[in-house]
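Everything below concerns the one structure shown next.
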Amino acid sequence: MVAQAQRWVVLKFGGTSVSRRNRWDTIGRIAAKRMAEENARVLVVVSALSGVTNELLAIGNGDDIAGRVAALVDRHRSFCVELDLDPDAVLGERLAALQALAGDPRTATRPLDWQAEVLAQGELLSSTIGAAYLRTQGHDFGWCDARDWLEAVALPNQSEWAARLAVNCRRDADAGFGGRFAAQPTAMLLSQGFIARHADGGTAVLGRGGSDTSAACFGALLGAARVEIWTDVPGMFSANPREVPDARLLARLDYAEAQEIATTGAKVLHPRSIGPCREARVPMAILDTERPDLPGTRIDASAETVPGVKAISRRDGIVLVSMESIGMWQQVGFLADIFERFRRHGLSVDLIGSSETNVTISLDPSENLVTGNVLEALAADLAEVCRVKVIVPCSAITLVGRGMRSLLHRLSDIWATFGQERVHLISQSSNDLNLTFVIDEADAAGLLPQLHAELIRSGAMPVRAAGVFGPSWRELEVGRAQRRASWWVGRRGQLLARAAEGTPRYVYDLETVREHARVLTGTDAIDRCYFAIKANPHPAILRTLVTEGFGLECVSLGEIEHVFANVPGLSPQRVLFTPSFAPRHEYEAAFGHGVTVTVDNVEALQRWPEVFRGRTVWLRLDLGRGEGHHAKVKTGGVAAKFGLPLARVDAFLDAARAIDLRIGGLHAHLGSGIDDARHWHDVYAQLACLADRIGTVESIDIGGGLPVPYTPESPLFDVALWRSGLEAIKADYPRYRLVVEPGRYLVAEAGVLLLSVTQVVDKDGVRRIGADAGMNALMRPSVYDAYHGIHNLSRLGDEDTLEYDVVGPICESGDVLGFGRPLPAATAEGDVLLVADTGAYGMVMANTYNLRALPAEDVIE
């Protein structure tokens, strides 16, 4: 007999993990490895074969009982044959029990105890097959009936249905439990999830996700070293990875956060399974059966509690019940009366919102038997005391993380996004761990990827906390995108030599500019590319891009004069003027230069008719929405100053006809850093439809705004998808010239900012590295909360690092280039810092605040 002093490791495997022979081989290897490496005894808890529980539920509902039972018998016998097992010897008694239930007189009324026995058969069959197969593979496995060990407990106000088909199990073991369980003669045991013993001695089931909960209860009762939930994904993620490919693996969580994430929609772990382990302080792990070497998600009491949103989840099928009565204001007992009626119908309330005359609650169908009959009966009951409105179907979108109240200022983009939808209910949890928005289910489609990206961009989701967040689903599934090393890594010596000539200093690599230009011109769909020179008007960059076939887009008369002065022989036809609230004389001068002029309001035509009479212009439109990486770069929608609203197009056309003004192009640019490659396809389609109505349009300008991967976790922009979208829509509207006008994408990664370290200071545990320039040289971090990589070029490759805030010498609290950056611990005065990806909106926004000199600029080939 195995010594009782050995601790148990509990391993749970779900339906997909027990439905194929190779998966059972994996189960055997994992169990044997745990036993050998940890000197532990192993309990394996299994679900039914994939899809079997659904068939048993149909049988329990009386749907073709005989036919479904026959099919299940055939399936399990076939699986035995696949495993080289004798079906009669292994499953004879089990299959006979299933067939007996099909012929039981109780099928006429289908009482709950009979349904529970039917539902239990899936796990009994799979565990019996598995134990037999593992023994044939040389593993010392025994089999035990979970109903001998897990005891269902009755809860107050529990419905009869829940007391039999969605039970909870006792978690407090008596003094002899561990000894009795350890008395099993084999080193490893295999048992069932989902089932327990009812108080009457019969069978009870734990409901959906019951196998996770069974494993957790076993772990708690045994005081196990660990409970491992083996499934078909590598762990718990910051969002549903099949909906959000950039969702990040949650490497480590505490029990409370894991509970909230599971409760609010994550399917990988049932929420009821965390409580038993949490109370018994038994660590949990979520691991991938196909890839057992991946670290997965660890859940325990010692996890690092980093403030921030850890996950965003979505639950569909939510039912909202709105109850309104003018008589509820300060009426004693009104809410008690209302909730008594929910209890009467066996319904558990999830979210609650209230006002003077209305109470709205949500019902989660995963925790309630929410059928049409139940809702009709509830509504009739509630109608006696209030007016009732049932709103279905809804989706609950929940942000989960510690310190939600302290994060509200970082959620401006989230609030703005939900502001575009009809929000029925907003609920913040009292434990400050979640914030939930309930909207129509139809409006929730496609929303999660956008919200997840906004959380990362705003810093509300601290994905660079390595102890909490792991790689993205995309990286795990297709491998980390192989980014070529940044150009400056191979130019380190050259850059250090330039820094020796003086800092702060911008340095631009022209070959990187050329490479990005050729990426965009690699499709026949685009007829003309303009470079938005406001991103970086350095003469060498302008000449390089013109040589690559680009035109130049200007937003001021100064920029127009600059391009003609620095690009000899430039044709006016290759210059686009797109001003915003410019004075009259700039329009006049632009027409004088012969460049293409864009107008974005009707008032200019009405007030300055002689400036525009007989001219041809492009019309910039506001399509009613803005997009981008930050609120301050969204250039569409009512809050943005750019573009003519669609509602005023007819007024513009009337004013244009009055002065013989011809519209030769339509233009829309909705923001910067847009990571949805389909965006430009949609803009072109919308503009093309309008162009058809106008009749004189020849060109459609879909703007720029392509994203740059500033942060380490940013995915590379899918240029192939972007191109294919443009090619497809251009094929639908071939009569228009397609124009794009990128800026940042062409030059951001081509530039670096070199700084010199002035001081290294520790203030009450916050370490800061001072540099000889800050927000005076690079405004983006202080204006847009922008991230730029910061590296110690003098000590590149030094792996002994500490976290530092990198600050400048400007007399402003916002003079911070980066927070918590890992930089060499030996960083000292005189070291050269390199701030990466600063080729766009760097030098152009530099200033002499505090009377500090502007940075120098260099170009290298």
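In the structure tokens, the first chain shown is A, the next is B, and so on; residue numbers restart at 1 for each chain, and ligands run from 1 in the order shown.
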Quick one: pick out all strand (DSSP E) residues within region 419-497 of chain A from a backbone DSSP run and write them as a PDB file with N, CA and C atoms, in the first residue's frame.
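Once written, result-v7.pdb looks like this:
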```
ATOM      1  N   VAL A 423     -26.793  51.501 -24.165  1.00  0.00           N
ATOM      2  CA  VAL A 423     -26.424  50.797 -22.933  1.00  0.00           C
ATOM      3  C   VAL A 423     -27.647  50.734 -22.022  1.00  0.00           C
ATOM      4  N   HIS A 424     -28.078  49.530 -21.702  1.00  0.00           N
ATOM      5  CA  HIS A 424     -29.260  49.359 -20.854  1.00  0.00           C
ATOM      6  C   HIS A 424     -28.922  49.444 -19.370  1.00  0.00           C
ATOM      7  N   LEU A 425     -27.696  49.018 -19.027  1.00  0.00           N
ATOM      8  CA  LEU A 425     -27.357  48.919 -17.599  1.00  0.00           C
ATOM      9  C   LEU A 425     -25.848  48.998 -17.441  1.00  0.00           C
ATOM     10  N   ILE A 426     -25.385  49.758 -16.448  1.00  0.00           N
ATOM     11  CA  ILE A 426     -23.976  49.797 -16.062  1.00  0.00           C
ATOM     12  C   ILE A 426     -23.898  49.404 -14.596  1.00  0.00           C
ATOM     13  N   SER A 427     -23.013  48.474 -14.286  1.00  0.00           N
ATOM     14  CA  SER A 427     -22.917  47.987 -12.908  1.00  0.00           C
ATOM     15  C   SER A 427     -21.457  47.855 -12.509  1.00  0.00           C
ATOM     16  N   GLN A 428     -21.120  48.456 -11.376  1.00  0.00           N
ATOM     17  CA  GLN A 428     -19.784  48.299 -10.814  1.00  0.00           C
ATOM     18  C   GLN A 428     -19.874  47.451  -9.566  1.00  0.00           C
ATOM     19  N   ASN A 434     -14.887  44.523 -10.859  1.00  0.00           N
ATOM     20  CA  ASN A 434     -15.392  44.503 -12.226  1.00  0.00           C
ATOM     21  C   ASN A 434     -16.306  45.684 -12.512  1.00  0.00           C
ATOM     22  N   LEU A 435     -16.431  45.961 -13.784  1.00  0.00           N
ATOM     23  CA  LEU A 435     -17.319  46.998 -14.298  1.00  0.00           C
ATOM     24  C   LEU A 435     -18.014  46.407 -15.516  1.00  0.00           C
ATOM     25  N   THR A 436     -19.363  46.403 -15.508  1.00  0.00           N
ATOM     26  CA  THR A 436     -20.127  45.703 -16.537  1.00  0.00           C
ATOM     27  C   THR A 436     -21.062  46.653 -17.280  1.00  0.00           C
ATOM     28  N   PHE A 437     -21.116  46.476 -18.591  1.00  0.00           N
ATOM     29  CA  PHE A 437     -22.025  47.207 -19.465  1.00  0.00           C
ATOM     30  C   PHE A 437     -22.946  46.189 -20.133  1.00  0.00           C
ATOM     31  N   VAL A 438     -24.246  46.426 -20.072  1.00  0.00           N
ATOM     32  CA  VAL A 438     -25.202  45.533 -20.736  1.00  0.00           C
ATOM     33  C   VAL A 438     -25.784  46.260 -21.939  1.00  0.00           C
ATOM     34  N   ILE A 439     -25.599  45.658 -23.123  1.00  0.00           N
ATOM     35  CA  ILE A 439     -26.088  46.250 -24.365  1.00  0.00           C
ATOM     36  C   ILE A 439     -26.855  45.193 -25.152  1.00  0.00           C
ATOM     37  N   ASP A 440     -27.492  45.606 -26.231  1.00  0.00           N
ATOM     38  CA  ASP A 440     -28.169  44.641 -27.089  1.00  0.00           C
ATOM     39  C   ASP A 440     -27.147  43.671 -27.675  1.00  0.00           C
ATOM     40  N   PHE A 469       1.046  38.887 -17.188  1.00  0.00           N
ATOM     41  CA  PHE A 469       0.668  38.640 -18.576  1.00  0.00           C
ATOM     42  C   PHE A 469       1.755  37.849 -19.306  1.00  0.00           C
ATOM     43  N   GLY A 470       1.312  36.911 -20.121  1.00  0.00           N
ATOM     44  CA  GLY A 470       2.208  36.142 -20.956  1.00  0.00           C
ATOM     45  C   GLY A 470       2.037  36.532 -22.412  1.00  0.00           C
ATOM     46  N   PRO A 471       2.410  35.646 -23.335  1.00  0.00           N
ATOM     47  CA  PRO A 471       2.296  35.951 -24.762  1.00  0.00           C
ATOM     48  C   PRO A 471       0.847  36.002 -25.222  1.00  0.00           C
ATOM     49  N   SER A 472       0.628  36.539 -26.408  1.00  0.00           N
ATOM     50  CA  SER A 472      -0.713  36.604 -26.965  1.00  0.00           C
ATOM     51  C   SER A 472      -1.097  35.259 -27.575  1.00  0.00           C
TER      52      SER A 472
END
```
Applying 9 Å and only C-alpha atoms, which residues near Gly122 (chain A) remain after dropping the ones on its own chain fewer than 6 positions away? List them as a ChimeraX atom specification. /A:47-49,52-53,56
Closest to Leu834 (chain A) among A:Gly751, A:Gly308, A:Pro295, A:Gly28, using only C-alpha atoms?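 Smallest separation from Leu834 (chain A) among the options: A:Gly751.
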Could you check the closest approach to Arg735 (chain A) for each of A:Cys80, A:Val118, A:Ile700, A:Ala773 and tell me which residue wins, using only C-alpha atoms?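 Among the listed residues, the smallest separation from Arg735 (chain A) belongs to A:Ile700.
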Give the answer as one residue: which of A:Val268, A:Ala71, A:Leu448, A:Leu778 has the shortest atom-to-atom distance to Arg314 (chain A), using only C-alpha atoms?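 Going through A:Val268, A:Ala71, A:Leu448, A:Leu778 one by one, the smallest distance to Arg314 (chain A) is for A:Leu448.
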Which residue, A:Val697, A:Ala204, A:Val595, A:Met845, has the smallest gap to Leu619 (chain A) when you use only C-alpha atoms?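 Ranked by minimum distance to Leu619 (chain A), first place goes to A:Val697.
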Counting only C-alpha atoms, which of A:Glu340, A:Asp600, A:Asp524, A:Glu228 gets nearest to Trp618 (chain A)?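 Of A:Glu340, A:Asp600, A:Asp524, A:Glu228, the one nearest Trp618 (chain A) is A:Asp600, counting only C-alpha atoms.
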Measuring between only C-alpha atoms, which one of A:Asp350, A:Glu151, A:Asp676, A:Glu741 shows the shortest distance to Asp718 (chain A)?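 Checking each candidate against Asp718 (chain A), we get A:Asp676 as the closest.
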Would you kindly return, as a list in words, each protein, DNA or RNA residue with an atom no farther than 10 Å from any atom of Arg518 (chain A), considering only C-alpha atoms and excluding same-chain residues fewer than 2 positions away?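 Those residues are Val513, Arg514, Glu515, His516, Leu520, Thr521, Gly522, Thr523, Leu545, Glu548, Gly549 and Leu746 of chain A.
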Next, dump the selected residues to file, keeping only C-alpha atoms, as a compact mmCIF listing (two decimals), in the first residue's frame.
```txt
# COMPACT_ATOMS: atom_id res chain seq x y z
CA VAL A 513 11.87 55.27 -45.24
CA ARG A 514 12.31 53.69 -48.67
CA GLU A 515 11.35 50.24 -47.40
CA HIS A 516 8.11 51.50 -45.87
CA LEU A 520 2.55 50.81 -49.66
CA THR A 521 3.18 51.14 -53.36
CA GLY A 522 3.26 47.37 -53.86
CA THR A 523 -0.33 47.19 -55.11
CA LEU A 545 9.79 59.90 -50.96
CA GLU A 548 9.84 56.76 -54.68
CA GLY A 549 6.84 58.20 -56.53
CA LEU A 746 6.48 55.99 -43.51
```
Looking only at alpha helix (DSSP H) from DSSP on the backbone, list the matching residues of region 272-475 of chain A as an MDAnalysis selection string. chainID A and resid 274:280 334:344 372:382 412:418 441:444 447:458 473:475
Create the file for the chosen residues now, containing C-alpha atoms and written as a short mmCIF file (atom, residue, chain, number, x, y, z; two decimals), in the first residue's frame.
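Listing of again25.cif after writing:
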```cif
data_model
loop_
_atom_site.label_atom_id
_atom_site.label_comp_id
_atom_site.auth_asym_id
_atom_site.auth_seq_id
_atom_site.Cartn_x
_atom_site.Cartn_y
_atom_site.Cartn_z
CA ILE A 274 -12.48 28.29 -7.62
CA GLY A 275 -14.28 28.58 -4.28
CA PRO A 276 -13.28 25.18 -2.85
CA CYS A 277 -9.62 25.69 -3.74
CA ARG A 278 -9.67 29.25 -2.48
CA GLU A 279 -11.04 28.24 0.92
CA ALA A 280 -8.58 25.34 1.25
CA PHE A 334 -40.94 47.11 -2.21
CA LEU A 335 -37.61 45.52 -3.19
CA ALA A 336 -38.19 42.66 -0.76
CA ASP A 337 -41.51 41.99 -2.47
CA ILE A 338 -39.89 42.12 -5.91
CA PHE A 339 -37.05 39.74 -5.08
CA GLU A 340 -39.38 37.34 -3.31
CA ARG A 341 -41.06 36.82 -6.67
CA PHE A 342 -37.73 35.97 -8.32
CA ARG A 343 -37.05 33.49 -5.52
CA ARG A 344 -40.50 32.02 -6.03
CA GLY A 372 -40.05 31.21 -22.08
CA ASN A 373 -42.50 29.68 -19.66
CA VAL A 374 -40.51 30.79 -16.64
CA LEU A 375 -40.23 34.37 -17.94
CA GLU A 376 -43.92 34.54 -18.76
CA ALA A 377 -44.83 33.35 -15.29
CA LEU A 378 -42.38 35.80 -13.70
CA ALA A 379 -43.69 38.73 -15.74
CA ALA A 380 -47.27 37.91 -14.80
CA ASP A 381 -46.31 37.72 -11.15
CA LEU A 382 -44.39 41.01 -11.22
CA SER A 412 -12.21 57.44 -21.60
CA ASP A 413 -11.99 55.54 -24.89
CA ILE A 414 -14.04 52.71 -23.41
CA TRP A 415 -16.76 55.13 -22.31
CA ALA A 416 -16.70 56.74 -25.75
CA THR A 417 -17.08 53.39 -27.50
CA PHE A 418 -20.04 52.38 -25.36
CA GLU A 441 -26.59 41.40 -28.21
CA ALA A 442 -26.68 42.52 -31.85
CA ASP A 443 -24.50 45.54 -30.97
CA ALA A 444 -21.88 43.43 -29.21
CA LEU A 447 -16.83 44.97 -30.12
CA LEU A 448 -14.40 42.97 -27.96
CA PRO A 449 -11.29 43.30 -30.19
CA GLN A 450 -11.78 47.07 -30.32
CA LEU A 451 -12.26 47.39 -26.57
CA HIS A 452 -9.31 45.11 -25.81
CA ALA A 453 -7.03 47.22 -28.01
CA GLU A 454 -8.26 50.41 -26.34
CA LEU A 455 -7.52 48.99 -22.89
CA ILE A 456 -3.94 48.25 -23.91
CA ARG A 457 -3.43 51.61 -25.62
CA SER A 458 -4.70 53.53 -22.59
CA TRP A 473 -2.91 33.89 -28.43
CA ARG A 474 -1.63 34.88 -31.87
CA GLU A 475 1.97 34.34 -30.77
#
```
Write out as a PyMOL selection string each polymer residue whose atoms come within 7 Å of Thr596 (chain A), counting only C-alpha atoms; drop sequence neighbours fewer than 6 positions from it. chain A and resi 573+575-577+617
Write out as a PyMOL selection string each polymer residue whose atoms come within 12 Å of Ala590 (chain A), counting only C-alpha atoms; drop sequence neighbours fewer than 3 positions from it. chain A and resi 554-561+564+572-573+575-579+582-587+593-599+611-612+615+617
For the atom pair CA of Arg164 (chain A) and CA of Arg110 (chain A), what is the interatomic distance in Å to one decimal place? 13.0 Å
When you draw a straight line from CA of Tyr804 (chain A) to CA of Ile769 (chain A), how long is it in Å?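 Calculated distance between CA of Tyr804 (chain A) and CA of Ile769 (chain A) is 6.3 Å.
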Skip Ala97 (chain A) itself and residues of its chain fewer than 3 positions away, then list as a ChimeraX atom specification all residues within 12 Å of it, counting only C-alpha atoms. /A:69,73,91-94,100-104,117-118,120-122,124-125
